[in-house]
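Visitor: Before anything else, here's the structure in question.
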Amino acid sequence: MGTARAKTRTPRVTTADVVAFLSKEYGPVEWKPRNDPMSELVLTILSQHTSDTNSDRAFASLMRTFGTIERVGEASVEDIAAAIRTAGLAKVKAPRIKGVLEKVHREVGSYDLSFIGEMPLEDAKAWLRSLPGIGPKTAAIVLCFSFGMPAMPVDTHIHRVSKRLGLIGPKVSADRAHDILEAKVPPEQVFPFHVYLITHGRRVCKALRPRCGECVLAWGCPSRKLFEASSRSKPTAKSRRPAKR
Ligand code: SF4
């Protein structure tokens, strides 16, 4: 009896399904190194609570003003704040950047963070998170994008879509989601999972009006009925359960 009930249970999307279905939808993704780790760290601090466009502009302005990360390290908090004004929250971000640069220089003797690439993942995370104001998301971004390590950055899109899909519990914070999702995704799939879920969150599983009728994961999403009922959007061929999984 228990077996018969299990067979009729609604299927649930797994992390492997996320990669399999969204890779068909969005095409292959390839990891390429983005910035050197110290620049990535500064850029990620600049990106907190603002758009990529604003943080890219602020980083370009910082480099235009000072020329090198070494010169940024020698600059005053006030001068750094003036250079990064376009990123917003310059009064918070400038001392954070200064504090991180000071601690790195004190501990390493330079701003070369390439040694992190030789560390085990958990040690590398712990080292970065020991820097002032650096949390799990910033540490994961540096490890993922500069070193290609299987660290899972969880941004607002990944946090939201993972909750809706039931991959994490409804009350799990974004900070806790890093470790939970990382443990569920094989190391070689961490980067594609991250990229696909962000893309899906931006294009389909939007914050206010998710397009469940166009979603290739709708067949196994526990939130779908809730959103379809409120929007009255009809299921389409895309959102129906595939014949074979
Ligand atoms: S079915 Fe709707 S809520 Fe679920 S992942 Fe797709 S778009 Fe998001």
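By convention here, the chains of the structure tokens are called A, B, ... in the order presented, each chain's residues are numbered starting at 1, and ligands are numbered starting at 1 in the order presented.
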Against ligand 1, which residues of chain A fall within 9 Å? For each one I want the closest pair of atoms and the distance in Å (one decimal), counting only C-alpha atoms and all ligand atoms, rows by chain and increasing residue number, as CSV.
Guide:
```
residue,atom,partner,partner_atom_place_in_ligand_line,distance
A:Arg160,CA,ligand 1,8 (Fe),8.6
A:Val161,CA,ligand 1,5 (S),5.9
A:Ser162,CA,ligand 1,5 (S),8.0
A:Lys163,CA,ligand 1,5 (S),9.0
A:Arg164,CA,ligand 1,3 (S),5.4
A:Leu165,CA,ligand 1,5 (S),5.5
A:His200,CA,ligand 1,7 (S),8.0
A:Gly201,CA,ligand 1,8 (Fe),7.4
A:Val204,CA,ligand 1,7 (S),5.4
A:Cys205,CA,ligand 1,7 (S),3.8
A:Lys206,CA,ligand 1,7 (S),7.0
A:Ala207,CA,ligand 1,8 (Fe),8.8
A:Arg209,CA,ligand 1,7 (S),8.4
A:Pro210,CA,ligand 1,7 (S),4.6
A:Arg211,CA,ligand 1,7 (S),4.9
A:Cys212,CA,ligand 1,2 (Fe),3.6
A:Gly213,CA,ligand 1,1 (S),7.2
A:Glu214,CA,ligand 1,7 (S),7.3
A:Cys215,CA,ligand 1,6 (Fe),4.6
A:Val216,CA,ligand 1,6 (Fe),6.8
A:Leu217,CA,ligand 1,6 (Fe),5.3
A:Ala218,CA,ligand 1,1 (S),3.6
A:Trp219,CA,ligand 1,1 (S),7.2
A:Gly220,CA,ligand 1,1 (S),7.7
A:Cys221,CA,ligand 1,4 (Fe),4.7
A:Pro222,CA,ligand 1,4 (Fe),6.8
A:Ser223,CA,ligand 1,3 (S),5.0
A:Arg224,CA,ligand 1,1 (S),4.3
A:Lys225,CA,ligand 1,1 (S),8.0
A:Leu226,CA,ligand 1,3 (S),8.2
A:Phe227,CA,ligand 1,3 (S),6.6
A:Glu228,CA,ligand 1,2 (Fe),7.8
A:Ser239,CA,ligand 1,1 (S),7.3
```
Visitor: Just C-alpha atoms for this one: save the residues we selected as a PDB file, in the first residue's frame.
Guide:
```
ATOM      1  CA  ARG A 160      14.168  32.732  -4.257  1.00  0.00           C
ATOM      2  CA  VAL A 161      14.024  30.045  -6.980  1.00  0.00           C
ATOM      3  CA  SER A 162      15.575  27.372  -4.725  1.00  0.00           C
ATOM      4  CA  LYS A 163      12.897  28.032  -2.109  1.00  0.00           C
ATOM      5  CA  ARG A 164      10.094  27.930  -4.665  1.00  0.00           C
ATOM      6  CA  LEU A 165      11.412  24.653  -6.065  1.00  0.00           C
ATOM      7  CA  HIS A 200      15.978  31.322 -14.746  1.00  0.00           C
ATOM      8  CA  GLY A 201      15.229  33.709 -11.890  1.00  0.00           C
ATOM      9  CA  VAL A 204      11.112  33.160 -15.888  1.00  0.00           C
ATOM     10  CA  CYS A 205      10.861  32.679 -12.116  1.00  0.00           C
ATOM     11  CA  LYS A 206      10.687  36.409 -11.491  1.00  0.00           C
ATOM     12  CA  ALA A 207      10.208  37.814  -8.011  1.00  0.00           C
ATOM     13  CA  ARG A 209       5.130  37.408 -11.364  1.00  0.00           C
ATOM     14  CA  PRO A 210       6.804  34.079 -12.093  1.00  0.00           C
ATOM     15  CA  ARG A 211       5.934  32.760 -15.545  1.00  0.00           C
ATOM     16  CA  CYS A 212       5.022  29.261 -14.442  1.00  0.00           C
ATOM     17  CA  GLY A 213       3.262  28.541 -17.731  1.00  0.00           C
ATOM     18  CA  GLU A 214       6.605  28.953 -19.553  1.00  0.00           C
ATOM     19  CA  CYS A 215       8.740  27.158 -16.974  1.00  0.00           C
ATOM     20  CA  VAL A 216      10.481  23.899 -17.924  1.00  0.00           C
ATOM     21  CA  LEU A 217      10.712  22.999 -14.218  1.00  0.00           C
ATOM     22  CA  ALA A 218       6.998  23.507 -13.515  1.00  0.00           C
ATOM     23  CA  TRP A 219       6.276  19.748 -13.700  1.00  0.00           C
ATOM     24  CA  GLY A 220       8.107  19.257 -10.387  1.00  0.00           C
ATOM     25  CA  CYS A 221       7.742  22.644  -8.698  1.00  0.00           C
ATOM     26  CA  PRO A 222       5.684  22.654  -5.484  1.00  0.00           C
ATOM     27  CA  SER A 223       4.995  26.412  -5.814  1.00  0.00           C
ATOM     28  CA  ARG A 224       3.536  26.266  -9.297  1.00  0.00           C
ATOM     29  CA  LYS A 225      -0.091  25.659  -8.263  1.00  0.00           C
ATOM     30  CA  LEU A 226       0.015  28.601  -5.900  1.00  0.00           C
ATOM     31  CA  PHE A 227       1.208  31.014  -8.593  1.00  0.00           C
ATOM     32  CA  GLU A 228      -0.983  29.570 -11.347  1.00  0.00           C
ATOM     33  CA  SER A 239       5.555  23.376 -18.167  1.00  0.00           C
TER      34      SER A 239
END
```
Visitor: Mind checking DSSP for stretch 39-234 of chain A and telling me the alpha helix (DSSP H) residues as an MDAnalysis selection string?
Guide: chainID A and resid 39:47 52:66 69:74 77:83 90:108 121:129 136:147 156:165 174:184 190:203 224:231
Visitor: With distances taken over only C-alpha atoms, which residue among A:Ile198, A:Ile97, A:Leu167, A:Ala174 lies nearest A:Asp17?
Guide: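 Selected residue with least distance to A:Asp17: A:Leu167.
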Visitor: Just the residues within 10 Å of stretch 175-185 of chain A, please, counting only C-alpha atoms, with nothing from its chain fewer than 6 positions along; format it as a PyMOL selection string.
Guide: chain A and resi 14-16+19+135-137+140+150-155+158-159+162-163+167-169+191+193-194
Visitor: Quick one: write out the picked residues with C-alpha atoms as an mmCIF file, in the first residue's frame?
Guide:
```cif
data_model
loop_
_atom_site.group_PDB
_atom_site.id
_atom_site.type_symbol
_atom_site.label_atom_id
_atom_site.label_comp_id
_atom_site.auth_asym_id
_atom_site.auth_seq_id
_atom_site.Cartn_x
_atom_site.Cartn_y
_atom_site.Cartn_z
ATOM 1 C CA THR A 14 16.190 17.895 -8.004
ATOM 2 C CA THR A 15 19.395 19.892 -8.364
ATOM 3 C CA ALA A 16 20.387 17.508 -11.190
ATOM 4 C CA VAL A 19 21.087 21.571 -14.602
ATOM 5 C CA GLY A 135 30.338 36.907 4.193
ATOM 6 C CA PRO A 136 29.612 33.583 2.497
ATOM 7 C CA LYS A 137 28.321 35.112 -0.743
ATOM 8 C CA ALA A 140 31.929 32.087 -2.801
ATOM 9 C CA PRO A 150 33.064 24.507 -6.520
ATOM 10 C CA ALA A 151 31.787 27.213 -4.162
ATOM 11 C CA MET A 152 28.115 28.152 -4.545
ATOM 12 C CA PRO A 153 27.346 31.872 -4.505
ATOM 13 C CA VAL A 154 23.689 32.352 -3.538
ATOM 14 C CA ASP A 155 22.255 35.647 -4.733
ATOM 15 C CA ILE A 158 19.097 31.608 -6.487
ATOM 16 C CA HIS A 159 17.696 32.000 -2.979
ATOM 17 C CA SER A 162 15.575 27.372 -4.725
ATOM 18 C CA LYS A 163 12.897 28.032 -2.109
ATOM 19 C CA LEU A 167 15.458 22.657 -2.904
ATOM 20 C CA ILE A 168 15.829 24.500 0.411
ATOM 21 C CA GLY A 169 13.276 25.030 3.162
ATOM 22 C CA PHE A 191 29.089 26.636 -11.621
ATOM 23 C CA PHE A 193 23.788 25.320 -11.458
ATOM 24 C CA HIS A 194 24.627 28.845 -10.252
#
```
Visitor: Counting only C-alpha atoms, which of A:Met119, A:Leu22, A:Leu131, A:Ile84 gets nearest to A:Lys103?
Guide: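 Checking each candidate against A:Lys103, we get A:Leu131 as the closest.
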Visitor: Tell me which of A:Thr86, A:Ser230, A:Ser110, A:Thr236 sits closest to A:Ser47, counting only C-alpha atoms.
Guide: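 Distance minimum relative to A:Ser47 lands on A:Thr86.
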Visitor: Nearest to A:Ser23: which of A:Pro95, A:Gly166, A:Pro120, A:Pro192 is it, counting only C-alpha atoms?
Guide: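 Smallest distance to A:Ser23 is found for A:Pro192.
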Visitor: Take atom CA of A:Glu118 and atom CA of A:Arg96 and report the distance between them in Å, one decimal.
Guide: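 Straight-line distance from atom CA of A:Glu118 to atom CA of A:Arg96 works out to 25.8 Å.
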Visitor: Nearest residue to A:Lys32 out of A:Ser55, A:Gln189, A:Ser146, A:Ser76, using only C-alpha atoms?
Guide: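 The answer is A:Ser146, which sits nearest to A:Lys32.
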Visitor: Choose the residue, out of A:Trp127, A:Glu122, A:Leu208, A:Tyr196, that has the smallest atom-to-atom separation from A:Gly27; count only C-alpha atoms.
Guide: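 Closest to A:Gly27 of all the choices is A:Tyr196.
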Visitor: Figure out the distance between atom CA of A:Asp56 and atom CA of A:Leu113, please, to one decimal in Å.
Guide: 20.8 Å
Visitor: Would you mind reading off the distance between atom CA of A:Arg57 and atom CA of A:Thr199, one decimal, in Å?
Guide: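 Answer for the atom CA of A:Arg57 to atom CA of A:Thr199 separation: 22.2 Å.
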